[in-house]
file run13.txt (compact mmCIF, C-alpha atoms)
# COMPACT_ATOMS: atom_id res chain seq x y z
CA MET A 1 131.74 90.98 110.19
CA SER A 2 131.02 88.96 107.06
CA ARG A 3 128.45 90.04 104.52
CA LYS A 4 125.78 87.67 103.33
CA PRO A 5 124.61 87.28 99.72
CA ILE A 6 120.88 87.59 99.06
CA GLN A 7 118.71 87.38 95.94
CA PHE A 8 115.26 88.79 95.53
CA THR A 9 112.99 90.31 92.91
CA LEU A 10 112.80 94.09 92.91
CA ASN A 11 110.12 95.63 90.75
CA GLY A 12 110.10 92.59 88.50
CA SER A 13 113.88 92.28 88.08
CA GLU A 14 116.12 89.74 89.77
CA ARG A 15 118.61 91.35 92.12
CA ALA A 16 121.59 89.93 93.95
CA THR A 17 123.50 91.87 96.57
CA PHE A 18 125.40 91.50 99.82
CA VAL A 19 123.98 92.58 103.18
CA ALA A 20 125.65 93.26 106.47
CA GLY A 21 124.44 91.71 109.72
CA GLY A 22 121.44 93.61 111.03
CA GLN A 23 121.13 95.76 107.92
CA ASN A 24 117.59 96.77 107.14
CA LEU A 25 115.93 96.52 103.75
CA LEU A 26 115.60 100.28 103.36
CA ASP A 27 119.35 100.70 103.68
CA VAL A 28 119.99 97.94 101.15
CA LEU A 29 117.55 99.44 98.66
CA ARG A 30 118.86 102.99 98.97
CA ARG A 31 122.60 102.54 99.52
CA GLY A 32 123.17 99.09 98.08
CA ILE A 33 120.96 99.06 95.02
CA GLY A 34 120.35 102.75 94.46
CA ASP A 35 116.55 102.75 94.58
CA LEU A 36 116.00 106.05 96.37
CA THR A 37 112.20 106.01 96.22
CA PRO A 38 111.56 104.58 99.70
CA LYS A 39 112.50 107.25 102.23
CA TYR A 40 114.07 107.13 105.66
CA GLY A 41 111.82 108.92 108.13
CA CYS A 42 111.76 107.80 111.74
CA GLY A 43 113.49 104.41 111.69
CA GLN A 44 110.92 103.29 114.27
CA GLY A 45 108.00 102.13 112.15
CA THR A 46 105.94 105.18 112.97
CA CYS A 47 105.98 107.41 109.88
CA GLY A 48 105.47 104.91 107.04
CA THR A 49 107.48 106.72 104.37
CA CYS A 50 109.72 103.65 103.92
CA THR A 51 106.71 101.45 103.05
CA VAL A 52 107.34 98.89 100.31
CA LEU A 53 105.37 95.85 99.23
CA ILE A 54 106.78 92.43 100.00
CA ASP A 55 104.86 89.72 98.16
CA GLY A 56 102.11 92.29 97.72
CA GLU A 57 101.73 93.21 101.40
CA PRO A 58 102.82 96.57 102.81
CA HIS A 59 105.92 96.36 105.00
CA LEU A 60 108.10 98.94 106.70
CA SER A 61 111.46 98.51 105.00
CA CYS A 62 113.29 100.26 107.86
CA LEU A 63 112.13 97.49 110.23
CA THR A 64 112.67 94.63 107.79
CA LEU A 65 115.85 92.64 108.28
CA ALA A 66 117.22 92.66 104.73
CA GLU A 67 118.07 89.00 104.56
CA THR A 68 114.45 88.02 105.26
CA VAL A 69 113.48 89.08 101.72
CA GLU A 70 115.59 86.27 100.21
CA GLY A 71 113.57 84.84 97.31
CA ARG A 72 110.68 87.27 97.76
CA ASN A 73 109.11 89.98 95.59
CA VAL A 74 109.74 93.56 96.65
CA THR A 75 107.92 96.47 95.02
CA THR A 76 108.83 100.11 95.52
CA THR A 77 107.50 103.32 94.06
CA ALA A 78 110.17 103.04 91.38
CA GLY A 79 108.26 100.05 90.05
CA LEU A 80 104.90 101.78 89.69
CA ALA A 81 105.31 103.50 86.33
CA THR A 82 105.54 101.53 83.12
CA GLY A 83 108.18 103.24 81.02
CA ASN A 84 107.08 106.84 80.68
CA THR A 85 103.52 106.06 81.65
CA LEU A 86 102.72 106.83 85.26
CA HIS A 87 100.62 104.53 87.39
CA PRO A 88 97.06 105.87 87.82
CA LEU A 89 97.85 106.48 91.49
CA GLN A 90 100.79 108.68 90.51
CA ASP A 91 98.59 110.48 87.97
CA ALA A 92 95.91 111.04 90.57
CA PHE A 93 98.42 112.35 93.13
CA MET A 94 99.78 114.76 90.55
CA GLU A 95 96.41 115.92 89.25
CA GLY A 96 94.98 116.25 92.75
CA PHE A 97 97.98 118.09 94.24
CA ALA A 98 98.32 115.28 96.77
CA ALA A 99 102.04 115.86 97.26
CA GLN A 100 103.18 118.96 99.10
CA CYS A 101 106.73 118.47 100.37
CA GLY A 102 106.49 114.96 98.89
CA TYR A 103 108.42 113.16 101.60
CA CYS A 104 105.52 110.92 102.60
CA THR A 105 104.42 110.33 99.00
CA PRO A 106 106.33 107.08 98.27
CA GLY A 107 104.91 105.45 101.39
CA MET A 108 101.42 106.78 100.70
CA LEU A 109 101.56 105.43 97.14
CA MET A 110 102.65 101.97 98.25
CA ALA A 111 100.07 101.82 101.03
CA ALA A 112 97.44 102.89 98.49
CA LYS A 113 98.61 100.33 95.93
CA ALA A 114 98.35 97.56 98.52
CA LEU A 115 94.79 98.65 99.20
CA LEU A 116 93.67 98.96 95.56
CA ASP A 117 95.29 95.68 94.55
CA ARG A 118 93.20 93.97 97.21
CA ASN A 119 90.12 96.15 97.10
CA PRO A 120 89.62 98.01 93.79
CA ASN A 121 86.63 100.00 95.04
CA PRO A 122 87.37 101.08 98.60
CA THR A 123 85.19 103.33 100.68
CA ARG A 124 86.59 106.54 102.07
CA ASP A 125 86.92 104.92 105.50
CA GLU A 126 88.87 102.05 103.99
CA VAL A 127 91.24 104.52 102.35
CA VAL A 128 91.73 106.31 105.67
CA GLU A 129 92.45 102.98 107.34
CA ALA A 130 94.87 101.94 104.59
CA ILE A 131 97.04 105.03 105.05
CA SER A 132 96.67 105.13 108.83
CA GLY A 133 100.29 104.04 109.25
CA ASN A 134 101.59 106.85 107.06
CA ILE A 135 102.20 110.30 108.45
CA CYS A 136 102.02 113.46 106.32
CA ARG A 137 103.78 116.30 108.13
CA CYS A 138 102.16 118.80 105.72
CA THR A 139 98.81 117.37 106.92
CA GLY A 140 97.65 117.09 103.31
CA TYR A 141 95.55 114.04 104.10
CA GLU A 142 92.40 115.27 102.41
CA ALA A 143 94.05 115.60 98.99
CA ILE A 144 95.76 112.24 99.43
CA ILE A 145 92.50 110.49 100.29
CA GLU A 146 90.76 112.10 97.32
CA ALA A 147 93.61 111.13 94.99
CA ILE A 148 93.41 107.47 96.06
CA LEU A 149 89.64 107.49 95.54
CA ALA A 150 90.17 109.12 92.12
CA ALA A 151 92.71 106.45 91.16
CA SER A 152 90.20 103.82 92.23
CA ARG A 153 87.57 105.37 89.96
CA ALA A 154 90.16 105.46 87.15
CA GLY A 155 90.62 101.71 87.56
CA ALA A 156 94.16 101.62 88.90
CA PRO A 157 94.33 97.94 89.74
CA ARG A 158 92.53 96.85 86.59
CA GLN A 159 95.07 98.60 84.40
CA TYR A 160 98.18 97.54 86.17
CA GLY A 161 97.26 94.51 88.26
CA MET B 1 128.26 97.80 116.53
CA PRO B 2 128.00 94.98 113.97
CA ILE B 3 125.15 92.59 114.53
CA ARG B 4 125.48 88.87 114.01
CA VAL B 5 122.42 87.16 112.52
CA GLU B 6 121.88 83.47 113.20
CA THR B 7 119.10 81.73 111.26
CA TYR B 8 117.90 78.30 112.32
CA GLY B 9 115.55 75.92 110.57
CA GLY B 10 114.30 74.27 113.74
CA ILE B 11 112.75 75.67 116.90
CA ASP B 12 114.97 73.70 119.27
CA ASP B 13 118.19 74.95 117.71
CA ALA B 14 116.96 78.55 117.80
CA ALA B 15 115.82 78.15 121.40
CA ARG B 16 119.19 76.73 122.45
CA ALA B 17 121.06 79.55 120.72
CA LEU B 18 118.87 82.12 122.46
CA ARG B 19 119.23 80.46 125.85
CA GLU B 20 123.01 80.25 125.61
CA ASN B 21 123.62 83.83 124.51
CA ARG B 22 122.57 86.55 126.93
CA THR B 23 123.38 89.24 124.37
CA ALA B 24 121.03 87.77 121.75
CA ARG B 25 117.51 88.87 120.86
CA TYR B 26 114.97 86.82 118.95
CA LEU B 27 113.59 88.40 115.78
CA GLY B 28 109.90 87.82 115.11
CA GLY B 29 108.37 90.36 112.75
CA GLY B 30 111.08 92.95 113.35
CA THR B 31 108.98 95.79 114.75
CA LEU B 32 110.74 95.63 118.13
CA VAL B 33 114.20 94.23 117.40
CA MET B 34 114.91 96.17 114.20
CA ARG B 35 113.78 99.35 115.89
CA SER B 36 116.40 98.69 118.56
CA VAL B 37 119.00 97.97 115.87
CA ASN B 38 118.18 101.28 114.19
CA GLU B 39 118.56 103.04 117.53
CA ALA B 40 122.00 101.45 117.96
CA ASP B 41 120.89 99.60 121.08
CA GLN B 42 124.12 98.26 122.59
CA SER B 43 122.46 95.71 124.86
CA PHE B 44 122.58 92.94 122.24
CA ASP B 45 124.93 91.92 119.47
CA THR B 46 123.17 88.88 118.00
CA ILE B 47 119.85 88.41 116.26
CA ILE B 48 118.40 84.92 116.29
CA ARG B 49 115.62 83.88 113.97
CA SER B 50 113.95 80.68 112.89
CA THR B 51 112.30 79.73 109.63
CA ASP B 52 110.28 76.92 111.22
CA LYS B 53 106.82 76.99 109.63
CA SER B 54 105.06 76.00 112.84
CA PHE B 55 105.57 79.54 114.15
CA GLY B 56 102.97 80.71 111.65
CA GLN B 57 100.30 78.12 112.35
CA ILE B 58 96.89 78.59 113.94
CA GLN B 59 95.08 75.51 115.28
CA ALA B 60 91.65 75.37 116.84
CA GLN B 61 91.22 72.51 119.33
CA GLY B 62 88.06 72.21 121.34
CA ASP B 63 87.53 75.32 123.45
CA SER B 64 90.86 76.92 122.64
CA VAL B 65 92.96 78.15 119.75
CA THR B 66 96.73 77.72 119.58
CA ILE B 67 98.34 80.67 117.83
CA GLY B 68 101.93 80.32 116.62
CA ALA B 69 104.22 82.98 118.00
CA GLY B 70 105.04 84.12 114.47
CA VAL B 71 101.42 84.74 113.48
CA THR B 72 101.04 88.38 112.53
CA MET B 73 98.24 90.72 113.50
CA ALA B 74 97.07 90.53 109.87
CA GLY B 75 97.04 86.75 110.25
CA VAL B 76 94.86 87.02 113.35
CA ILE B 77 92.41 89.28 111.52
CA ALA B 78 92.19 86.92 108.55
CA HIS B 79 91.58 83.69 110.49
CA ARG B 80 87.97 82.63 111.03
CA ASP B 81 88.67 80.92 114.36
CA LEU B 82 90.10 84.16 115.77
CA ALA B 83 87.15 86.42 115.03
CA PHE B 84 86.94 87.29 118.74
CA LEU B 85 90.50 88.64 118.64
CA ALA B 86 90.23 90.41 115.27
CA PRO B 87 88.95 93.69 116.80
CA VAL B 88 92.06 93.73 119.00
CA ALA B 89 94.52 93.03 116.18
CA ARG B 90 92.79 95.56 113.94
CA VAL B 91 93.68 98.52 116.18
CA ILE B 92 97.37 97.67 116.41
CA GLY B 93 99.40 99.92 114.12
CA GLY B 94 98.63 100.54 110.47
CA PRO B 95 98.45 97.85 107.77
CA ALA B 96 102.25 97.61 107.40
CA VAL B 97 102.77 97.11 111.14
CA ARG B 98 99.99 94.54 111.22
CA ALA B 99 101.64 92.64 108.34
CA MET B 100 104.83 92.40 110.41
CA ALA B 101 104.05 92.50 114.14
CA THR B 102 103.65 89.06 115.68
CA VAL B 103 101.70 87.64 118.60
CA GLY B 104 104.93 86.42 120.20
CA GLY B 105 106.57 89.80 119.82
CA ASN B 106 103.64 91.62 121.39
CA LEU B 107 104.22 89.65 124.60
CA PHE B 108 107.54 91.47 124.94
CA ALA B 109 106.43 94.93 123.82
CA SER B 110 107.10 97.78 126.21
CA SER B 111 104.37 100.08 127.49
CA PRO B 112 102.45 101.85 125.96
CA TYR B 113 102.56 99.07 123.34
CA GLY B 114 101.32 95.55 124.00
CA ASP B 115 97.56 95.96 123.63
CA PHE B 116 97.23 92.44 122.25
CA THR B 117 98.89 91.09 125.38
CA ALA B 118 96.30 92.90 127.50
CA ALA B 119 93.63 91.00 125.59
CA LEU B 120 95.50 87.72 126.12
CA LEU B 121 95.68 88.53 129.83
CA ALA B 122 91.93 89.02 130.06
CA LEU B 123 91.41 85.77 128.17
CA ASP B 124 93.73 83.87 130.55
CA ALA B 125 96.01 82.63 127.75
CA LYS B 126 98.86 80.21 128.28
CA ILE B 127 102.28 80.55 126.71
CA ASN B 128 104.21 77.59 125.30
CA PHE B 129 107.97 77.94 125.36
CA ALA B 130 110.39 75.80 123.37
CA GLY B 131 111.41 72.69 125.28
CA GLN B 132 108.60 73.08 127.80
CA THR B 133 106.35 70.16 128.65
CA GLY B 134 102.97 70.43 130.28
CA PRO B 135 100.14 72.89 129.94
CA GLY B 136 102.18 76.04 129.31
CA THR B 137 102.93 79.08 131.43
CA GLY B 138 99.98 81.14 132.57
CA ILE B 139 100.09 84.69 131.28
CA ASP B 140 99.70 86.07 134.82
CA GLU B 141 102.89 84.28 135.81
CA PHE B 142 104.65 85.39 132.63
CA LEU B 143 103.81 89.05 133.21
CA ARG B 144 104.67 88.91 136.92
CA ASP B 145 108.36 88.79 135.97
CA ARG B 146 108.73 88.97 132.23
CA SER B 147 112.49 89.50 132.36
CA ARG B 148 112.81 85.90 133.58
CA PHE B 149 111.70 84.76 130.13
CA ALA B 150 113.93 87.07 128.08
CA GLN B 151 116.12 84.21 126.84
CA SER B 152 113.21 81.79 126.37
CA LEU B 153 111.68 81.23 122.95
CA VAL B 154 107.91 81.53 122.74
CA VAL B 155 106.53 78.90 120.38
CA SER B 156 102.80 79.55 120.66
CA VAL B 157 100.02 81.01 122.75
CA VAL B 158 96.95 79.01 123.73
CA VAL B 159 93.86 81.17 123.97
CA PRO B 160 90.59 79.89 125.46
CA ARG B 161 87.71 80.83 123.18
CA PRO B 162 84.88 82.68 124.93
CA ARG B 163 81.77 80.48 124.85
CA ASP B 164 79.66 83.54 124.21
CA ALA B 165 81.28 86.01 121.80
CA SER B 166 79.72 88.94 123.66
CA ALA B 167 81.52 87.89 126.86
CA PHE B 168 84.79 89.30 125.56
CA ARG B 169 85.10 93.04 125.09
CA PHE B 170 88.00 95.23 124.09
CA LEU B 171 88.48 98.96 123.85
CA LYS B 172 91.56 100.90 122.87
CA ILE B 173 91.66 104.59 123.63
CA SER B 174 94.04 106.74 121.60
CA ARG B 175 94.21 110.40 120.72
CA VAL B 176 94.88 109.77 117.02
CA LYS B 177 92.29 107.91 114.98
CA PRO B 178 92.23 105.36 113.47
CA LYS B 179 95.80 104.56 114.41
CA GLY B 180 97.35 105.86 117.56
CA ILE B 181 99.36 104.77 120.55
CA SER B 182 97.28 103.68 123.50
CA LEU B 183 96.32 106.13 126.15
CA MET B 184 94.93 102.97 127.65
CA SER B 185 93.34 99.76 126.46
CA ILE B 186 90.81 97.67 128.32
CA ALA B 187 90.07 94.00 127.75
CA ALA B 188 87.35 92.26 129.70
CA LEU B 189 86.14 88.70 129.84
CA LEU B 190 82.71 88.68 131.44
CA PRO B 191 81.19 85.21 131.22
CA GLN B 192 77.70 85.05 132.65
CA SER B 193 75.80 82.22 134.24
CA GLY B 194 72.16 82.70 135.22
CA GLY B 195 72.46 86.41 134.51
CA ARG B 196 75.45 86.84 136.80
CA ILE B 197 79.12 87.31 135.95
CA GLN B 198 81.21 84.29 136.88
CA GLY B 199 84.97 84.46 136.43
CA ALA B 200 85.47 88.10 135.46
CA ARG B 201 88.90 89.03 134.16
CA VAL B 202 89.63 92.67 133.34
CA ALA B 203 93.01 93.80 132.02
CA TYR B 204 94.48 97.17 131.19
CA GLY B 205 97.17 98.04 128.68
CA ALA B 206 99.35 101.16 128.98
CA MET B 207 98.35 101.62 132.63
CA GLY B 208 101.61 100.22 133.99
CA PRO B 209 104.98 98.98 132.81
CA LEU B 210 103.22 95.81 131.63
CA PRO B 211 99.59 94.89 130.98
CA LEU B 212 97.91 94.34 134.35
CA ARG B 213 94.72 93.01 135.92
CA ALA B 214 92.21 95.46 137.36
CA THR B 215 91.50 93.23 140.34
CA ALA B 216 89.28 95.71 142.18
CA VAL B 217 87.09 95.98 139.10
CA GLU B 218 86.93 92.21 138.82
CA ARG B 219 85.80 91.95 142.46
CA ALA B 220 83.09 94.56 141.86
CA LEU B 221 81.79 92.60 138.88
CA GLU B 222 82.02 89.07 140.21
CA GLY B 223 78.68 87.46 140.97
CA GLN B 224 76.75 90.52 139.83
CA GLY B 225 74.41 91.18 136.92
CA LEU B 226 75.84 93.66 134.44
CA ASP B 227 73.38 96.42 135.28
CA SER B 228 73.92 100.13 135.75
CA GLY B 229 74.54 99.77 139.48
CA THR B 230 77.25 97.15 138.98
CA ILE B 231 78.85 99.22 136.23
CA GLU B 232 78.97 102.27 138.51
CA ARG B 233 80.51 100.28 141.35
CA ALA B 234 83.12 98.86 138.98
CA ALA B 235 83.89 102.29 137.54
CA SER B 236 84.34 103.72 141.03
CA VAL B 237 87.30 101.39 141.60
CA ALA B 238 88.68 101.57 138.05
CA THR B 239 92.19 102.54 139.15
CA GLU B 240 92.24 101.18 142.69
CA GLY B 241 95.73 99.84 143.40
CA ILE B 242 97.01 101.05 140.04
CA GLU B 243 99.64 103.74 139.43
CA PRO B 244 99.32 104.71 135.75
CA PRO B 245 102.47 105.95 134.02
CA THR B 246 103.19 109.41 132.67
CA ASN B 247 104.52 109.46 129.12
CA GLY B 248 104.22 111.47 125.93
CA ILE B 249 100.66 110.30 125.39
CA ALA B 250 99.17 111.25 128.77
CA THR B 251 100.01 111.98 132.36
CA SER B 252 99.34 109.58 135.20
CA TRP B 253 96.73 112.00 136.52
CA TYR B 254 94.89 112.10 133.19
CA ARG B 255 94.88 108.34 132.83
CA ARG B 256 93.48 108.02 136.34
CA GLU B 257 90.81 110.61 135.60
CA VAL B 258 89.53 109.04 132.37
CA ALA B 259 89.91 105.34 133.16
CA ALA B 260 86.48 105.13 134.81
CA VAL B 261 84.83 106.83 131.84
CA HIS B 262 86.23 104.35 129.37
CA LEU B 263 85.62 101.37 131.63
CA ARG B 264 82.00 102.46 131.97
CA ARG B 265 81.70 102.66 128.18
CA LEU B 266 83.18 99.21 127.72
CA LEU B 267 80.96 97.60 130.33
CA SER B 268 77.82 99.29 129.01
CA GLY B 269 78.55 97.96 125.53
CA GLN B 270 79.63 101.19 123.88
CA GLY B 271 83.10 99.92 123.11
CA ARG B 272 84.50 96.77 121.64
call {"tool": "encode", "arguments": {"input": "run13.txt", "output": "structure tokens"}}
result
Amino acid sequence: MSRKPIQFTLNGSERATFVAGGQNLLDVLRRGIGDLTPKYGCGQGTCGTCTVLIDGEPHLSCLTLAETVEGRNVTTTAGLATGNTLHPLQDAFMEGFAAQCGYCTPGMLMAAKALLDRNPNPTRDEVVEAISGNICRCTGYEAIIEAILAASRAGAPRQYG
Amino acid sequence: MPIRVETYGGIDDAARALRENRTARYLGGGTLVMRSVNEADQSFDTIIRSTDKSFGQIQAQGDSVTIGAGVTMAGVIAHRDLAFLAPVARVIGGPAVRAMATVGGNLFASSPYGDFTAALLALDAKINFAGQTGPGTGIDEFLRDRSRFAQSLVVSVVVPRPRDASAFRFLKISRVKPKGISLMSIAALLPQSGGRIQGARVAYGAMGPLPLRATAVERALEGQGLDSGTIERAASVATEGIEPPTNGIATSWYRREVAAVHLRRLLSGQGR
């Protein structure tokens, strides 16, 4: 089965790679490009830990046919920090002990970024809704919600757009 | 098994490819097909997709709105002409699912998914397939034998707009809030004339293999005022002729027990 070339922007950098027929974006990111920040959880679109942003909107990379991102902008957790400076959401998760086992954290961060980019001052209910597609097996939701609200107060989207 | 992906610019070419290949599946947003790919589903070996922009269009014409099959749930929520359907789209998955899942895909979702289709059933939507002429296929006919349309490409769905926004009601019941798989969903179109319901359509999701009409409930409502007596009579026949499924969310018995409670809430205006 032939492989198909695709080009897209990953965390601000142009990327070109080959994808196999039916290969999902998560697989391309992790095995093809080496960005291990999005995680494989359920492969069914239920857990949300593979969440990435495509053109700014949250998508489940495990359910995204890789070749559909041709020419589009993909953002993963690896693109949140600027050099050694963490994104305010990452700071808030760290300061607020919002990661326990950490497996859900990349998806939570990307779902939260999508929210704050669109709505810099969300209510608690809006935060709950924004992460409603992301499962935390440690059930650390309270700390995660508080961390997102803290990042909002710290001006996450204003600092990093 | 390797999967072959065929991408077509035009609808007709994609429709022909789908029609001629019984081991092909059409990819909309990916939430159904890619899940099957990940599960190594051996029933298909080809993915067909189209980049035709008309799949993503929404057009209001008179008393109805034509929704492209590729319109996502997020697209439904964002469009001013679909405000009556926004509460339905809003309870489907989390934000990432809503950014991907399409109206056309929902028509083919397996129970307990397909809540949007239950709403389309209550609204008496029509489905336009590629190459079809005429007014479209009624959703009742489509759901009567959905497998017949497996190799047909849905282009758009035509949804009559309720004249009175309050005439359309929707309620999704799930154990997990705010996002959870349906225990059941109820969609009801209850247009009134002179204080009496004329043309009631009530549909359930997750109460059968496919969304279905609650015909006994419709009969109890038809021609009546929506008062407490009517609501009680409708609730008393909530599951008449219906055999709810047992799955990981709830047993058949449980669904049968609680259906009347939730129907009563919907009809009395406690749910939307």
call {"tool": "closest_residue", "arguments": {"input": "run13.txt", "among": "B:Asp81, B:Val97, B:Gln42, B:Asn21", "to": "Gly48 (chain A)", "atoms": "only C-alpha atoms"}}
result
B:Val97
call {"tool": "closest_atom_pairs", "arguments": {"input": "run13.txt", "of": "chain B", "to": "chain A", "cutoff": "6 Å", "atoms": "all atoms listed in the file", "output": "tab-separated table"}}
result
residue	atom	partner	partner_atom	distance
B:Ile3	CA	A:Gly21	CA	4.9
B:Arg4	CA	A:Gly21	CA	5.2
B:Val5	CA	A:Gly21	CA	5.7
B:Gly30	CA	A:Leu63	CA	5.6
B:Thr31	CA	A:Leu63	CA	5.8
B:Met34	CA	A:Leu63	CA	5.0
B:Arg35	CA	A:Gln44	CA	5.1
B:Gly94	CA	A:Gly133	CA	4.1
B:Ala96	CA	A:His59	CA	4.6
B:Lys179	CA	A:Ser132	CA	5.7
call {"tool": "residues_around", "arguments": {"input": "run13.txt", "residues": "Ala109 (chain B)", "least_positions_apart": "2", "cutoff": "12 Å", "atoms": "only C-alpha atoms", "output": "PyMOL selection string"}}
result
chain B and resi 28+30-33+35-36+101-107+111-118+143+146-147+150+205-206+209-211
call {"tool": "closest_residue", "arguments": {"input": "run13.txt", "among": "B:Ala69, B:Ile186, B:Ala125, B:Ala86", "to": "Ile173 (chain B)", "atoms": "all atoms listed in the file"}}
result
B:Ile186
call {"tool": "atom_distance", "arguments": {"input": "run13.txt", "atom1": "CA of Thr23 (chain B)", "atom2": "CA of Ile181 (chain B)"}}
result
28.9 Å
call {"tool": "atom_distance", "arguments": {"input": "run13.txt", "atom1": "CA of Gln90 (chain A)", "atom2": "CA of Leu25 (chain A)"}}
result
23.5 Å
call {"tool": "residues_near_point", "arguments": {"input": "run13.txt", "point": "(106.1, 111.5, 100.4)", "cutoff": "10 Å", "atoms": "only C-alpha atoms", "output": "PyMOL selection string"}}
result
chain A and resi 37-39+41+48-50+98-109+134-138
call {"tool": "closest_residue", "arguments": {"input": "run13.txt", "among": "B:Arg169, B:Arg255, B:Arg213, B:Arg196", "to": "Leu183 (chain B)", "atoms": "all atoms listed in the file"}}
result
B:Arg255
call {"tool": "closest_residue", "arguments": {"input": "run13.txt", "among": "B:Ala74, B:Ala235, B:Ala40, B:Val202", "to": "Ala260 (chain B)", "atoms": "only C-alpha atoms"}}
result
B:Ala235
call {"tool": "atom_distance", "arguments": {"input": "run13.txt", "atom1": "CA of Ala14 (chain B)", "atom2": "CA of Leu153 (chain B)"}}
result
7.8 Å
call {"tool": "axis_aligned_box", "arguments": {"input": "run13.txt", "around": "region 153-164 of chain B", "padding_each_side": "4 Å", "output": "lines of an AutoDock Vina configuration file"}}
result
center_x = 95.7
center_y = 81.2
center_z = 122.9
size_x = 40.0
size_y = 12.6
size_z = 13.1
call {"tool": "residues_around", "arguments": {"input": "run13.txt", "residues": "region 48-52 of chain B", "least_positions_apart": "5", "cutoff": "9 Å", "atoms": "all atoms listed in the file", "output": "list in words"}}
result
Arg4, Val5, Glu6, Thr7, Tyr8, Gly9, Gly10, Ile11, Asp13, Ala14, Ala15, Ala17, Leu18, Ala24, Arg25, Tyr26, Leu27 and Gly28 of chain B
call {"tool": "residues_near_point", "arguments": {"input": "run13.txt", "point": "(86.6, 83.2, 123.1)", "cutoff": "9 Å", "atoms": "only C-alpha atoms", "output": "PyMOL selection string"}}
result
chain B and resi 63-65+82-85+123+159-168+189
call {"tool": "write_last_selection", "arguments": {"input": "run13.txt", "atoms": "C-alpha atoms", "output": "PDB file, keeping the file's coordinate frame"}}
result
ATOM      1  CA  ASP B  63      87.530  75.320 123.450  1.00  0.00           C
ATOM      2  CA  SER B  64      90.860  76.920 122.640  1.00  0.00           C
ATOM      3  CA  VAL B  65      92.960  78.150 119.750  1.00  0.00           C
ATOM      4  CA  LEU B  82      90.100  84.160 115.770  1.00  0.00           C
ATOM      5  CA  ALA B  83      87.150  86.420 115.030  1.00  0.00           C
ATOM      6  CA  PHE B  84      86.940  87.290 118.740  1.00  0.00           C
ATOM      7  CA  LEU B  85      90.500  88.640 118.640  1.00  0.00           C
ATOM      8  CA  LEU B 123      91.410  85.770 128.170  1.00  0.00           C
ATOM      9  CA  VAL B 159      93.860  81.170 123.970  1.00  0.00           C
ATOM     10  CA  PRO B 160      90.590  79.890 125.460  1.00  0.00           C
ATOM     11  CA  ARG B 161      87.710  80.830 123.180  1.00  0.00           C
ATOM     12  CA  PRO B 162      84.880  82.680 124.930  1.00  0.00           C
ATOM     13  CA  ARG B 163      81.770  80.480 124.850  1.00  0.00           C
ATOM     14  CA  ASP B 164      79.660  83.540 124.210  1.00  0.00           C
ATOM     15  CA  ALA B 165      81.280  86.010 121.800  1.00  0.00           C
ATOM     16  CA  SER B 166      79.720  88.940 123.660  1.00  0.00           C
ATOM     17  CA  ALA B 167      81.520  87.890 126.860  1.00  0.00           C
ATOM     18  CA  PHE B 168      84.790  89.300 125.560  1.00  0.00           C
ATOM     19  CA  LEU B 189      86.140  88.700 129.840  1.00  0.00           C
TER      20      LEU B 189
END
call {"tool": "residues_around", "arguments": {"input": "run13.txt", "residues": "Ser152 (chain A)", "least_positions_apart": "4", "cutoff": "7 Å", "atoms": "all atoms listed in the file", "output": "ChimeraX atom specification"}}
result
/A:116,120-121,148,156
call {"tool": "decode", "arguments": {"input": "run13.txt", "residues": "region 94-107 of chain A", "atoms": "C-alpha atoms", "output": "PDB file, in the first residue's frame"}}
result
ATOM      1  CA  MET A  94       2.047  22.582  38.187  1.00  0.00           C
ATOM      2  CA  GLU A  95       1.344  25.080  40.960  1.00  0.00           C
ATOM      3  CA  GLY A  96      -2.128  23.685  41.573  1.00  0.00           C
ATOM      4  CA  PHE A  97      -1.100  20.004  41.560  1.00  0.00           C
ATOM      5  CA  ALA A  98      -3.523  19.443  38.693  1.00  0.00           C
ATOM      6  CA  ALA A  99      -1.587  16.457  37.345  1.00  0.00           C
ATOM      7  CA  GLN A 100      -1.621  13.220  39.295  1.00  0.00           C
ATOM      8  CA  CYS A 101      -0.643  10.341  37.015  1.00  0.00           C
ATOM      9  CA  GLY A 102      -0.449  12.947  34.237  1.00  0.00           C
ATOM     10  CA  TYR A 103      -1.842  10.801  31.459  1.00  0.00           C
ATOM     11  CA  CYS A 104      -4.841  13.033  30.807  1.00  0.00           C
ATOM     12  CA  THR A 105      -2.827  16.249  31.201  1.00  0.00           C
ATOM     13  CA  PRO A 106      -1.902  16.882  27.537  1.00  0.00           C
ATOM     14  CA  GLY A 107      -5.530  16.581  26.482  1.00  0.00           C
TER      15      GLY A 107
END
